[in-house]
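Below is the file entry34.cif, which contains mmCIF, C-alpha atoms.
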```cif
data_run
#
loop_
_atom_site.label_atom_id
_atom_site.label_comp_id
_atom_site.auth_asym_id
_atom_site.auth_seq_id
_atom_site.Cartn_x
_atom_site.Cartn_y
_atom_site.Cartn_z
CA GLY A 275 1.87 -3.35 18.24
CA ASP A 276 1.74 -0.48 15.81
CA SER A 277 -1.68 0.41 14.48
CA VAL A 278 -3.51 3.06 12.51
CA THR A 279 -7.14 4.06 12.93
CA GLN A 280 -9.10 5.91 10.29
CA MET A 281 -12.57 7.35 10.69
CA GLU A 282 -15.37 4.99 9.81
CA GLY A 283 -17.32 4.98 6.59
CA PRO A 284 -17.14 6.53 3.13
CA VAL A 285 -17.02 10.28 2.64
CA THR A 286 -19.30 11.90 0.09
CA LEU A 287 -19.01 15.59 -0.62
CA SER A 288 -19.62 18.17 -3.32
CA GLU A 289 -16.98 19.62 -5.59
CA GLU A 290 -15.08 22.52 -3.98
CA ALA A 291 -16.02 21.39 -0.47
CA CYS A 292 -13.42 20.95 2.26
CA LEU A 293 -12.18 17.46 3.00
CA THR A 294 -10.83 16.12 6.28
CA ILE A 295 -10.03 12.47 6.91
CA ASN A 296 -9.01 11.66 10.45
CA CYS A 297 -6.11 9.36 11.21
CA THR A 298 -4.72 8.45 14.61
CA TYR A 299 -1.96 6.01 15.41
CA THR A 300 -0.31 4.02 18.15
CA ALA A 301 3.37 3.19 17.93
CA THR A 302 6.10 2.26 20.35
CA GLY A 303 8.85 4.18 18.63
CA TYR A 304 9.06 7.28 16.44
CA PRO A 305 7.23 6.39 13.27
CA SER A 306 7.16 7.93 9.86
CA LEU A 307 3.64 8.67 8.64
CA PHE A 308 2.20 8.43 5.16
CA TRP A 309 -0.97 9.00 3.20
CA TYR A 310 -1.53 6.84 0.15
CA VAL A 311 -4.28 7.18 -2.47
CA GLN A 312 -5.76 4.33 -4.51
CA TYR A 313 -7.75 5.02 -7.65
CA PRO A 314 -10.14 2.31 -8.91
CA GLY A 315 -8.36 -0.75 -10.24
CA GLU A 316 -4.91 0.59 -9.46
CA GLY A 317 -2.21 0.18 -6.85
CA LEU A 318 -1.42 2.73 -4.17
CA GLN A 319 0.30 6.04 -4.85
CA LEU A 320 2.20 7.92 -2.21
CA LEU A 321 0.36 11.18 -1.61
CA LEU A 322 2.48 12.72 1.14
CA LYS A 323 4.64 11.86 4.11
CA ALA A 324 6.08 13.22 7.35
CA THR A 325 8.99 11.71 9.20
CA LYS A 326 9.04 13.60 12.50
CA ALA A 327 6.82 15.51 14.86
CA ASP A 328 5.42 18.83 13.59
CA ASP A 329 6.42 18.04 10.00
CA LYS A 330 3.78 18.94 7.44
CA GLY A 331 3.47 16.84 4.33
CA SER A 332 1.79 18.40 1.30
CA ASN A 333 1.04 17.45 -2.28
CA LYS A 334 -1.63 18.28 -4.88
CA GLY A 335 -3.43 20.57 -2.44
CA PHE A 336 -3.55 17.93 0.30
CA GLU A 337 -1.87 18.51 3.64
CA ALA A 338 -1.28 16.55 6.83
CA THR A 339 0.64 17.54 9.96
CA TYR A 340 2.40 15.03 12.21
CA ARG A 341 0.97 15.73 15.67
CA LYS A 342 2.81 13.75 18.29
CA GLU A 343 0.82 15.17 21.20
CA THR A 344 -2.44 13.89 19.75
CA THR A 345 -0.88 10.97 17.80
CA SER A 346 -2.68 12.16 14.70
CA PHE A 347 -2.00 12.74 11.02
CA HIS A 348 -5.28 14.06 9.63
CA LEU A 349 -5.53 14.62 5.87
CA GLU A 350 -7.04 17.90 4.65
CA LYS A 351 -7.82 19.59 1.37
CA GLY A 352 -9.50 22.93 1.09
CA SER A 353 -11.34 22.44 -2.19
CA VAL A 354 -11.84 18.98 -3.65
CA GLN A 355 -12.37 18.04 -7.27
CA VAL A 356 -14.20 15.13 -8.86
CA SER A 357 -10.78 13.69 -9.77
CA ASP A 358 -10.00 13.36 -6.04
CA SER A 359 -12.52 10.52 -5.80
CA ALA A 360 -10.50 7.55 -4.56
CA VAL A 361 -9.68 5.50 -1.48
CA TYR A 362 -7.26 7.11 0.96
CA PHE A 363 -5.07 5.08 3.31
CA CYS A 364 -3.15 6.37 6.30
CA ALA A 365 -0.04 4.35 7.16
CA LEU A 366 2.89 4.34 9.53
CA SER A 367 6.33 2.84 9.48
CA ASP A 368 8.27 2.40 12.65
CA ASN A 369 12.04 2.35 12.32
CA GLY A 370 12.15 -0.73 14.49
CA ASN A 371 9.65 -2.57 12.34
CA ASN A 372 10.08 -3.39 8.69
CA ARG A 373 6.42 -3.09 7.81
CA LEU A 374 3.80 -0.51 6.98
CA ALA A 375 0.75 -0.53 9.22
CA PHE A 376 -2.29 0.61 7.23
CA GLY A 377 -5.56 2.04 8.28
CA LYS A 378 -8.70 0.53 6.78
CA GLY A 379 -8.98 3.26 4.18
CA ASN A 380 -11.69 5.79 3.42
CA GLN A 381 -13.63 5.90 0.17
CA VAL A 382 -14.01 9.52 -0.92
CA VAL A 383 -16.65 10.34 -3.50
CA VAL A 384 -16.78 13.87 -4.89
CA ILE A 385 -20.01 14.81 -6.63
CA PRO A 386 -20.01 17.47 -9.35
CA GLY B 243 10.89 9.03 -9.97
CA ALA B 244 10.28 5.92 -7.83
CA VAL B 245 8.29 3.98 -10.38
CA VAL B 246 7.29 0.39 -9.76
CA SER B 247 6.03 -1.70 -12.64
CA GLN B 248 3.91 -4.77 -12.01
CA HIS B 249 3.05 -7.30 -14.68
CA PRO B 250 0.64 -8.67 -15.72
CA SER B 251 -2.12 -6.30 -14.69
CA TRP B 252 -4.83 -8.88 -15.23
CA VAL B 253 -4.77 -12.63 -15.63
CA ILE B 254 -7.40 -15.34 -15.91
CA CYS B 255 -6.34 -18.95 -15.52
CA LYS B 256 -7.81 -22.38 -15.08
CA SER B 257 -7.71 -23.99 -11.67
CA GLY B 258 -4.50 -25.92 -11.05
CA THR B 259 -2.18 -23.74 -13.10
CA SER B 260 0.65 -21.65 -11.70
CA VAL B 261 0.82 -17.92 -12.23
CA LYS B 262 3.88 -15.70 -12.00
CA ILE B 263 3.63 -12.00 -11.24
CA GLU B 264 6.60 -9.70 -11.73
CA CYS B 265 7.43 -6.55 -9.83
CA ARG B 266 10.16 -4.22 -11.05
CA SER B 267 11.57 -1.00 -9.65
CA LEU B 268 12.34 0.99 -12.79
CA ASP B 269 14.41 3.90 -11.57
CA PHE B 270 15.75 2.90 -8.18
CA GLN B 271 17.27 -0.05 -6.42
CA ALA B 272 14.85 -1.72 -4.08
CA THR B 273 16.47 -2.89 -0.88
CA THR B 274 13.21 -4.50 0.16
CA MET B 275 10.12 -5.60 -1.73
CA PHE B 276 6.72 -6.44 -0.33
CA TRP B 277 3.78 -8.46 -1.57
CA TYR B 278 0.23 -7.66 -0.53
CA ARG B 279 -3.17 -9.08 -1.16
CA GLN B 280 -6.26 -6.91 -1.20
CA PHE B 281 -9.83 -8.09 -0.94
CA PRO B 282 -12.68 -5.93 -2.27
CA LYS B 283 -13.26 -2.77 -0.25
CA GLN B 284 -10.61 -3.75 2.27
CA SER B 285 -7.14 -2.62 3.20
CA LEU B 286 -3.96 -4.34 2.10
CA MET B 287 -2.89 -7.54 3.76
CA LEU B 288 0.87 -8.06 3.86
CA MET B 289 1.82 -11.51 2.60
CA ALA B 290 5.59 -11.42 2.67
CA THR B 291 8.68 -9.25 2.77
CA SER B 292 11.77 -9.98 0.74
CA ASN B 293 15.28 -8.63 0.63
CA GLU B 294 17.46 -9.09 -2.40
CA GLY B 295 19.31 -12.38 -2.29
CA SER B 296 17.55 -13.61 0.85
CA LYS B 297 14.62 -15.85 1.54
CA ALA B 298 11.33 -14.08 1.92
CA THR B 299 9.77 -13.59 5.34
CA TYR B 300 6.15 -14.70 5.26
CA GLU B 301 3.37 -13.41 7.45
CA GLN B 302 1.52 -15.78 9.70
CA GLY B 303 -1.06 -17.79 7.82
CA VAL B 304 0.54 -17.34 4.39
CA GLU B 305 1.68 -20.62 2.85
CA LYS B 306 5.22 -20.23 1.56
CA ASP B 307 4.91 -23.29 -0.67
CA LYS B 308 1.78 -21.83 -2.21
CA PHE B 309 3.11 -18.34 -2.76
CA LEU B 310 6.70 -18.57 -3.96
CA ILE B 311 8.67 -15.36 -3.82
CA ASN B 312 11.97 -14.74 -5.53
CA HIS B 313 13.96 -11.54 -5.17
CA ALA B 314 16.94 -12.24 -7.37
CA SER B 315 18.05 -8.66 -7.99
CA LEU B 316 17.68 -5.18 -6.58
CA THR B 317 15.10 -4.34 -9.23
CA LEU B 318 13.04 -7.50 -9.61
CA SER B 319 10.87 -9.65 -7.39
CA THR B 320 8.44 -12.33 -8.52
CA LEU B 321 5.46 -13.95 -6.85
CA THR B 322 4.35 -17.32 -8.15
CA VAL B 323 0.95 -18.61 -7.10
CA THR B 324 1.35 -22.38 -7.45
CA SER B 325 -1.53 -24.68 -8.33
CA ALA B 326 -3.95 -21.81 -8.11
CA HIS B 327 -7.55 -22.36 -7.06
CA PRO B 328 -10.60 -20.08 -7.15
CA GLU B 329 -10.03 -19.01 -3.55
CA ASP B 330 -6.69 -17.53 -4.66
CA SER B 331 -8.53 -15.06 -6.87
CA SER B 332 -7.70 -11.61 -5.60
CA PHE B 333 -5.90 -8.35 -6.26
CA TYR B 334 -2.17 -8.72 -5.61
CA ILE B 335 -0.02 -5.63 -5.15
CA CYS B 336 3.74 -5.35 -4.82
CA SER B 337 5.75 -2.51 -3.40
CA ALA B 338 9.41 -1.61 -3.29
CA ARG B 339 11.44 0.47 -0.90
CA GLN B 340 14.91 1.91 -1.11
CA GLY B 341 16.72 2.22 2.18
CA THR B 342 15.36 1.92 5.69
CA SER B 343 11.83 1.69 7.07
CA ASN B 344 11.36 5.44 7.38
CA GLN B 345 11.40 5.66 3.59
CA PRO B 346 8.10 5.24 1.72
CA GLN B 347 7.10 2.12 -0.11
CA HIS B 348 6.30 2.65 -3.77
CA PHE B 349 3.55 0.49 -5.16
CA GLY B 350 2.88 -1.23 -8.43
CA ASP B 351 -0.52 -0.98 -10.09
CA GLY B 352 -1.54 -4.42 -8.94
CA THR B 353 -2.49 -7.67 -10.63
CA ARG B 354 -6.08 -8.85 -10.81
CA LEU B 355 -5.95 -12.65 -10.63
CA SER B 356 -9.05 -14.66 -11.50
CA ILE B 357 -8.97 -18.44 -11.25
CA LEU B 358 -11.78 -20.30 -12.97
#
```
Once more with this new file: its structure as structure tokens, please.
Amino acid sequence: GDSVTQMEGPVTLSEEACLTINCTYTATGYPSLFWYVQYPGEGLQLLLKATKADDKGSNKGFEATYRKETTSFHLEKGSVQVSDSAVYFCALSDNGNNRLAFGKGNQVVVIP
Amino acid sequence: GAVVSQHPSWVICKSGTSVKIECRSLDFQATTMFWYRQFPKQSLMLMATSNEGSKATYEQGVEKDKFLINHASLTLSTLTVTSAHPEDSSFYICSARQGTSNQPQHFGDGTRLSIL
């Protein structure tokens, strides 16, 4: 079935550092890919999306490119802020499947 | 745009009571709504999927008589936790989607349920 794999463990980095969170997927069809962000005590917010190969999603300085050849959708930001501290979830939705498949999420902590 | 409102955000109840959680799409019509449960420091676990006017589709292991879902309109779905017990304490999150599965789900802010 469809699945999403995120890199293990929390990510701690200093303000203005570069952030990369890896995400790879397996899917039988042609999925749409999403990154969601969850701030403490809140629900998930859509951060960005890409619906076909080579699409680049971007929002609030974050970017991710849909790479079909490597089945990846890595999230990147060039210079993080303390306010970016949150949990980030990679997810996919296959047109043949009504559900979102989530990765396990990565806690990102940005230190001033 | 694409705002989903979930209410209440926090509820504490005695064991044995029933609790209703509402999920509303405020500025779009939600073809499909989803209910999730999230345990601390874990990802979301899908409980059920509902389409307006239809019975909800429950995931394996989720008791439909325990977690009653009603999706009476294109902007409102409710989850009722019946005869709640301490093991039902959790963070419940709803989402709503307009259109087909390649469209994003938009999430509510969640409901923290604590059963004493």
Could you give me, as a tab-separated table, every chain A residue with an atom at most 7 Å from chain B, plus its closest atom pair and distance in Å to one decimal, counting all atoms listed in the file, rows ordered by chain then number?
```
residue	atom	partner	partner_atom	distance
A:Ser306	CA	B:Asn344	CA	5.5
A:Glu316	CA	B:Asp351	CA	4.7
A:Gly317	CA	B:Asp351	CA	3.8
A:Leu318	CA	B:Phe349	CA	5.5
A:Gln319	CA	B:Phe349	CA	6.4
A:Leu320	CA	B:His348	CA	6.9
A:Thr325	CA	B:Asn344	CA	6.9
A:Ser367	CA	B:Asn344	CA	6.0
A:Asp368	CA	B:Ser343	CA	6.7
A:Asn369	CA	B:Ser343	CA	5.3
A:Asn372	CA	B:Ser343	CA	5.6
A:Lys378	CA	B:Ser285	CA	5.0
A:Gly379	CA	B:Ser285	CA	6.2
```
- Excluding same-chain residues fewer than 2 positions from B:Cys255, what lies within 12 Å of it counting all atoms listed in the file, as a list in words? Trp252, Val253, Ser257, Gly258, Thr259, Ser260, Val261, Lys262, Val323, Thr324, Ser325, Ala326, His327, Pro328, Asp330, Ser331, Arg354, Leu355, Ser356, Ile357 and Leu358 of chain B
Kindly compute an axis-aligned box around the listed atoms of stretch 243-248 of chain B, allowing 5 Å on each side, and express its centre and edge lengths in Å to one decimal as JSON.
```
{"center_x": 7.4, "center_y": 2.1, "center_z": -10.2, "size_x": 17.0, "size_y": 23.8, "size_z": 14.8}
```
- Note on the structure: Atom pair atom CA of A:Ser288 + atom CA of A:Phe308, distance 25.4 Å
- Pairwise distance for atom CA of B:Ala298 and atom CA of B:Trp277, rounded to one decimal in Å: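 Atom CA of B:Trp277 lies at a distance of 10.0 Å from atom CA of B:Ala298.
For the choices A:Thr286, A:Thr279, A:Ser346, A:Gln312, the atom-to-atom distance to A:Ile385 is smallest for A:Thr286 when using only C-alpha atoms.
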Output of the PyMOL selection byres ((chain B and resi 265) around 7), listed as an mmCIF file with C-alpha atoms, in the frame of the given file:
```cif
data_model
loop_
_atom_site.group_PDB
_atom_site.id
_atom_site.type_symbol
_atom_site.label_atom_id
_atom_site.label_comp_id
_atom_site.auth_asym_id
_atom_site.auth_seq_id
_atom_site.Cartn_x
_atom_site.Cartn_y
_atom_site.Cartn_z
ATOM 1 C CA VAL B 246 7.290 0.390 -9.760
ATOM 2 C CA SER B 247 6.030 -1.700 -12.640
ATOM 3 C CA GLN B 248 3.910 -4.770 -12.010
ATOM 4 C CA HIS B 249 3.050 -7.300 -14.680
ATOM 5 C CA ILE B 263 3.630 -12.000 -11.240
ATOM 6 C CA GLU B 264 6.600 -9.700 -11.730
ATOM 7 C CA ARG B 266 10.160 -4.220 -11.050
ATOM 8 C CA SER B 267 11.570 -1.000 -9.650
ATOM 9 C CA LEU B 318 13.040 -7.500 -9.610
ATOM 10 C CA SER B 319 10.870 -9.650 -7.390
ATOM 11 C CA THR B 320 8.440 -12.330 -8.520
ATOM 12 C CA CYS B 336 3.740 -5.350 -4.820
#
```
- Separation of atom CA of B:Pro250 from atom CA of B:Ser292, in Å and rounded to one decimal: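 Rounded to one decimal, the two atoms are 19.9 Å apart.
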- Kindly resolve the PyMOL selection byres ((chain A and resi 381) around 10) on the present coordinates and return the residues as a PyMOL selection string. (chain A and resi 282-286+311-313+359-363+378-380+382-384) or (chain B and resi 283)
- Message: For the provided coordinates, the residues matched by the PyMOL selection byres ((chain A and resi 353) around 8) should be stated as number ranges by chain.
- Response: A: 289-293, 351-352, 354-355
- Message: Around the point (-7.6, 14.9, 2.3) (coordinates from the file), which residues reach within 6 Å if we count only C-alpha atoms? Answer as a VMD selection string.
- Response: chain A and resid 293 to 295 336 349 to 351
- Using only C-alpha atoms, which of B:Ile254, B:Leu316, B:Ala272, B:Ala244 sits nearest B:Ser332?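 Residue with the minimum atom-to-atom distance to B:Ser332: B:Ile254.
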